[in-house]
Amino acid sequence: MPVSEKEIIERLPDWIAEKKTSFLFGSGTSAPGMPLMNMFPGEKDGSIDVDGLMYEIIKRNKFLIGAKMKINVSEEESKAILGTLGAYKKFIEILLDMLGNVNARERHKNINIFTTNYDLFIEKAVDDIYESGSTAPFIFNDGARGYFNRLLDNSNFDTTTAYKGRFDNYINELPSINLAKIHGSVNWKKQSEDVIRVCNYVVRDKPEKRETVKPDGNEPEATT
């Protein structure tokens with residue numbers, strides 16, 4: 001029997017506290033901050049202006065992370081981007097609050113977010129939350145390992161982090177959010193055929209250097 005939207009909202013805190021929970025975000029999740037494919041029709045019926053769409057996505061992501069360069073973003077676009085960022089921050093803060101009620105002796109304190117979006121809203125939201133110090137300590141895991149050269153490694157999703165007492169007299173697992181970007185990301189750079197670098201900037205190289213699935217309507221056939 002289908003579950004209504006109201007019932008999902010009401011039961012979500014219990015589900016997160018009792019079960020391993022995952023979310024799947026599609027393109028509409030980042031609207032209106034990021035454009036949708038139907039906003040960039042191609043010259044042929046049913047086609048997509050992929051170059052135009054990617055240009056707009058990259059431009060807006062540069063603005064989102066505060067790139068130090070002149071970016072041609074209108075006031076309306078700016079409000080849409082910041083409004084969407086605010087929604088993401090609220091969502092993550094609510095998740096962290098719910099994870100705080102999880103009994104670590106019964107199950108791990110983690111949430112998985114799978115997204116088909118290339119944008120950096122989740123990463124930026126987490127960064128802002130870290131900087132504000134408005135929540136209890138938590139771990140954000142985007143699957144990358146390294147320091148100066150951060151490389152994607154799926155095995156990183158299988159880790160947990162915990163506080164131990166000053167005298168090693170207890171262990172308290174920290175809440176964690178795992179982010180899996182199944183269509184790539186605007187800050188992923190193809191370092192070699194089998195190695196993906198996760199950068200702290202929007203990759204501006206040629207399209208073949210960016211690790212993103214082309215937004216042409218055939219994404220399921222080329223999912224990373």
# chains A, B, ... in the order shown; residues from 1 in each chain; ligands from 1
>>> residues_around(residues="Val186 in chain A", least_positions_apart="6", cutoff="12 Å", atoms="only C-alpha atoms", output="short mmCIF file (atom, residue, chain, number, x, y, z; two decimals) with N, CA and C atoms, in the first residue's frame")
data_model
loop_
_atom_site.label_atom_id
_atom_site.label_comp_id
_atom_site.auth_asym_id
_atom_site.auth_seq_id
_atom_site.Cartn_x
_atom_site.Cartn_y
_atom_site.Cartn_z
N MET A 54 25.59 23.02 -19.74
CA MET A 54 26.78 22.85 -18.92
C MET A 54 27.44 24.19 -18.61
N TYR A 55 27.42 25.12 -19.56
CA TYR A 55 27.97 26.46 -19.31
C TYR A 55 27.24 27.12 -18.14
N GLU A 56 25.91 27.01 -18.15
CA GLU A 56 25.10 27.64 -17.10
C GLU A 56 25.34 26.95 -15.75
N ILE A 57 25.42 25.62 -15.76
CA ILE A 57 25.66 24.87 -14.52
C ILE A 57 27.01 25.25 -13.92
N ILE A 58 28.05 25.31 -14.76
CA ILE A 58 29.39 25.65 -14.27
C ILE A 58 29.42 27.08 -13.75
N LYS A 59 28.79 28.00 -14.49
CA LYS A 59 28.76 29.41 -14.07
C LYS A 59 28.11 29.55 -12.70
N ARG A 60 26.98 28.89 -12.50
CA ARG A 60 26.26 29.03 -11.24
C ARG A 60 27.01 28.35 -10.09
N ASN A 61 27.71 27.27 -10.38
CA ASN A 61 28.48 26.61 -9.33
C ASN A 61 29.69 27.44 -8.91
N LYS A 62 30.28 28.17 -9.84
CA LYS A 62 31.38 29.07 -9.49
C LYS A 62 30.87 30.15 -8.54
N LEU A 64 28.28 29.86 -6.60
CA LEU A 64 27.89 29.17 -5.36
C LEU A 64 29.05 29.04 -4.39
N ILE A 65 30.22 28.65 -4.89
CA ILE A 65 31.35 28.41 -3.98
C ILE A 65 32.22 29.65 -3.80
N THR A 116 22.00 12.44 -8.68
CA THR A 116 22.38 12.47 -10.10
C THR A 116 22.83 13.87 -10.50
N ASN A 117 22.86 14.80 -9.55
CA ASN A 117 23.23 16.19 -9.85
C ASN A 117 24.75 16.38 -9.82
N TYR A 118 25.22 17.30 -10.67
CA TYR A 118 26.66 17.64 -10.71
C TYR A 118 27.00 18.74 -9.72
N ASP A 119 26.00 19.46 -9.25
CA ASP A 119 26.25 20.70 -8.50
C ASP A 119 26.86 20.45 -7.13
N LEU A 120 27.28 21.56 -6.50
CA LEU A 120 28.01 21.50 -5.23
C LEU A 120 27.18 22.04 -4.07
N PHE A 121 25.86 21.97 -4.17
CA PHE A 121 25.01 22.50 -3.11
C PHE A 121 25.23 21.76 -1.79
N GLU A 123 27.88 20.00 -0.80
CA GLU A 123 29.22 20.29 -0.29
C GLU A 123 29.30 21.68 0.32
N ILE A 196 39.98 9.42 -10.51
CA ILE A 196 39.22 10.67 -10.50
C ILE A 196 39.70 11.53 -9.33
N ARG A 197 40.04 12.76 -9.62
CA ARG A 197 40.47 13.70 -8.59
C ARG A 197 39.29 14.56 -8.17
N VAL A 198 39.08 14.71 -6.86
CA VAL A 198 38.03 15.57 -6.33
C VAL A 198 38.66 16.90 -5.94
N CYS A 199 38.35 17.95 -6.69
CA CYS A 199 39.00 19.25 -6.53
C CYS A 199 38.20 20.15 -5.60
N ASN A 200 38.84 21.21 -5.11
CA ASN A 200 38.14 22.20 -4.29
C ASN A 200 37.73 23.41 -5.14
N TYR A 201 37.60 23.20 -6.43
CA TYR A 201 37.17 24.25 -7.36
C TYR A 201 36.36 23.61 -8.48
N VAL A 202 35.68 24.44 -9.25
CA VAL A 202 34.92 23.97 -10.40
C VAL A 202 35.88 23.76 -11.56
N VAL A 203 35.89 22.57 -12.10
CA VAL A 203 36.84 22.23 -13.17
C VAL A 203 36.45 22.96 -14.45
N ARG A 204 37.42 23.71 -15.01
CA ARG A 204 37.14 24.51 -16.20
C ARG A 204 37.82 23.93 -17.45
N ASP A 205 38.43 22.76 -17.32
CA ASP A 205 39.14 22.16 -18.44
C ASP A 205 38.17 21.76 -19.55
N LYS A 206 38.71 21.17 -20.60
CA LYS A 206 37.88 20.69 -21.70
C LYS A 206 36.90 19.64 -21.17
N PRO A 207 35.73 19.50 -21.81
CA PRO A 207 34.71 18.56 -21.33
C PRO A 207 35.24 17.16 -21.08
N LYS A 209 37.93 16.29 -19.86
CA LYS A 209 38.68 16.23 -18.61
C LYS A 209 37.76 16.25 -17.39
N ARG A 210 36.52 16.75 -17.57
CA ARG A 210 35.57 16.75 -16.48
C ARG A 210 34.91 15.39 -16.37
N GLU A 211 34.74 14.90 -15.16
CA GLU A 211 34.11 13.60 -14.97
C GLU A 211 32.63 13.79 -14.66
N THR A 212 31.86 14.03 -15.71
CA THR A 212 30.41 14.17 -15.59
C THR A 212 29.75 13.42 -16.74
N VAL A 213 28.59 12.86 -16.45
CA VAL A 213 27.82 12.21 -17.50
C VAL A 213 27.11 13.29 -18.31
N LYS A 214 27.23 13.24 -19.61
CA LYS A 214 26.65 14.28 -20.48
C LYS A 214 25.14 14.37 -20.27
#
>>> residues_around(residues="Pro137 in chain A", least_positions_apart="3", cutoff="9 Å", atoms="only C-alpha atoms", output="compact mmCIF listing (two decimals) with N, CA and C atoms, in the first residue's frame")
# COMPACT_ATOMS: atom_id res chain seq x y z
N TYR A 130 29.68 23.53 8.96
CA TYR A 130 30.93 23.37 9.70
C TYR A 130 31.43 24.71 10.23
N GLY A 133 29.47 26.26 13.14
CA GLY A 133 29.53 25.57 14.42
C GLY A 133 28.17 25.41 15.06
N LEU A 174 30.50 9.16 15.67
CA LEU A 174 30.00 10.45 15.18
C LEU A 174 28.98 10.24 14.06
N PRO A 175 27.94 11.07 14.01
CA PRO A 175 27.02 11.02 12.87
C PRO A 175 27.78 11.29 11.57
>>> residues_around(residues="range 19-36 of chain A", least_positions_apart="3", cutoff="6 Å", atoms="only C-alpha atoms", output="PyMOL selection string")
chain A and resi 15-16+39+80-81+84+111-117
>>> atom_distance(atom1="CA of Ala17 in chain A", atom2="CA of Arg145 in chain A")
28.3 Å
